[in-house]
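> Following this message is one structure expressed as structure tokens.
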Amino acid sequence: AKEGGRDNYKIFQPYMAENVTKSATYERLIKIGLAKQQFHLVYQPKVFRSKDNVIALEALIRWDHPQQGIIPPSEFIPIAEESNLIIQLGEMVINQALTQIREWIDQDLTPVPVAVNVSGKHLISDELVPFIKQQLVLFSIPGSLLEIEITEGVLIEDIESCINVLEELKALDISISIDDFGTGYSSLNYLKRLPLDILKIDQSFVEECHRKDEDTEICATIINLAKNLNLNTIAEGVETEGQLNTLLQLGCEVFQGYYFYKPLAANKISALLTLTNPT
Ligand code: C2E
Ligand code: CA
Ligand code: CA
Ligand code: CA
């Protein structure tokens, strides 16, 4: 949504002025937040079939505002996306995730891949790949420990740039998930052209998948599509045993959701990682 662009306001309307002020204020607060390190990551496990098999983590950003308390990403990511702040935030997220992985390795824990959410603007900015390369070297971490989650929208808008960037990420051994799959304007054609690894079934289809035929069908279709394209699937937002059993029957084996784990602080994650065998 580009309607936030200020130049589009041909006729002055008071409510618009208010919105512009609101995002300008917010942008200033985000900048201060970045400078004062008010952002941190929480990690939600991705499991293979059961709670005991944590195979990856998703890093989710949180803002600890000194006055407002914890501000959820839905409040500030859309505003950051209106400017280049989203790139600064994205770089900070990658840096924090790799810092954390390095810490786990140094504690002799066996790390699992960490997925970070990358916004479309950052993906096609030309800055993402060099930054990731530099950070992987800096922390001496293999790309195979990093995953990128991108939503469908950006992939369709600028498929040529995306193919190039994704190829470069793949060359670093980084895996690529399409987030919120099924909510965008999927065309099967672009799916074939992009070097992807994982389709992430959106929460909105998982919610009623065990009791609403249309949603069961949508999940089944996505799972079969992924199989045919040689991709993996993960279902997000799994909250109940009913949803889980339906998805297992449909052939999905990787899950993320409150039924297994909520997003957790890094120190809680340590207990879920196994100790690396002494050599
Ligand atoms: P998302 O990538 O689809 O992330 C999943 C969201 O669903 C997370 O909310 C997570 O806490 C929540 N969730 C997980 N399991 C369940 C469940 O079983 N039930 C329900 N009801 N919710 C569940 P969160 O952390 O508030 O993030 C919201 C969105 O903000 C994310 O959606 C993502 O689009 C964006 N976001 C979060 N962190 C970042 C980031 O570092 N960078 C960017 N660009 N976007 C981010
Ligand atoms: Ca995500
Ligand atoms: Ca998602
Ligand atoms: Ca979502």
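Naming scheme: A, B, ... for chains in displayed order of the structure tokens; residues 1 onward per chain; ligands 1 onward as shown.
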With 6 Å as the cut-off and only C-alpha atoms and all ligand atoms counted, what is the closest atom pair between each nearby residue of chain A and ligand 2? Distances in Å to one decimal, ordered by chain and number, as a tab-separated table.


residue	atom	partner	partner_atom_place_in_ligand_line	distance
A:Asn117	CA	ligand 2	1 (Ca)	5.3
A:Glu149	CA	ligand 2	1 (Ca)	5.6
A:Asp179	CA	ligand 2	1 (Ca)	5.5

> Gln203 (chain A): which residues within 12 Å, counting only C-alpha atoms, same-chain residues fewer than 4 positions away excluded, as a PyMOL selection string?

chain A and resi 179-183+207-209+215+218-219+234-239+243+255-258

> Lys46 (chain A): which residues within 10 Å, counting only C-alpha atoms, same-chain residues fewer than 2 positions away excluded, as a count of residues only?

25

> Under the rule that only C-alpha atoms and all ligand atoms are counted, which of A:Glu157, A:Asp106, A:Asp202, A:Glu241 is the nearest residue to ligand 1?

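Residue with the minimum atom-to-atom distance to ligand 1: A:Asp202.
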
> Excluding region 80-90 of chain A and its own-chain neighbours fewer than 5 positions away, which residues fall within 12 Å of it when counting only C-alpha atoms? Please give them as a PyMOL selection string.

chain A and resi 1-6+20+23-35+37-41+59-63+73-75+95-97+116-128+131-132+148-149

> Based on the backbone DSSP call, show me all residues of region 143-253 of chain A assigned alpha helix (DSSP H), as number ranges by chain.

A: 152-157, 159-171, 188-193, 203-206, 213-228, 241-250

> Please indicate the distance in Å from CA of Ile201 (chain A) to CA of Ile79 (chain A), rounded to one decimal place.

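Computing it gives 25.4 Å between the two atoms.
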
> Enter the distance from atom 44 (N, counted along the ligand's line) of ligand 1 to CA of Glu91 (chain A), in Å, rounded to one decimal.

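These two atoms are separated by 10.1 Å.
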
> Work out how far apart CA of Ile101 (chain A) and CA of Phe139 (chain A) are and give it in Å to one decimal.

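Distance reported for this atom pair: 8.8 Å.
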
> Near Arg102 (chain A), within 9 Å and counting only C-alpha atoms, which residues show up once chain neighbours fewer than 2 positions away are dropped, as a VMD selection string?

chain A and resid 97 to 100 104 to 107 111 139 to 141

> DSSP on the backbone, strand (DSSP E or B) only: what residues of region 26-263 of chain A does that give? Format it as a PyMOL selection string.

chain A and resi 39-48+54-65+69-71+109+114-117+146-151+175-181+198-201+232-236+254-256

> Select, from A:Asn228, A:Pro72, A:Leu169, A:Gly242, the residue with the minimum atom-to-atom distance to Pro130 (chain A), counting only C-alpha atoms.

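With only C-alpha atoms as the atom set, the closest residue is A:Leu169.
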
> Can you pull out the residues contacting Ile174 (chain A)? Cut-off 7 Å, using only C-alpha atoms, and skip same-chain residues under 3 positions away; I want them as a list of chain:residue names.

A:Gly143, A:Ser144, A:Leu146, A:Glu147, A:Leu169, A:Lys170

> Using C-alpha atoms, can you export the residues from the last selection as a PDB file, in the first residue's frame?


ATOM      1  CA  GLY A 143      24.311 -19.660   5.529  1.00  0.00           C
ATOM      2  CA  SER A 144      22.525 -22.944   6.168  1.00  0.00           C
ATOM      3  CA  LEU A 146      19.712 -18.733   8.171  1.00  0.00           C
ATOM      4  CA  GLU A 147      16.266 -18.759   6.566  1.00  0.00           C
ATOM      5  CA  LEU A 169      20.820 -16.219  -1.233  1.00  0.00           C
ATOM      6  CA  LYS A 170      20.530 -19.837  -2.341  1.00  0.00           C
TER       7      LYS A 170
END

> Using only C-alpha atoms, which residues sit within 10 Å of region 188-197 of chain A once same-chain residues fewer than 2 positions away are excluded, as a VMD selection string?

chain A and resid 147 152 155 to 156 159 to 160 162 to 170 174 to 178 185 to 186 199 to 200 225 to 226 229 to 233
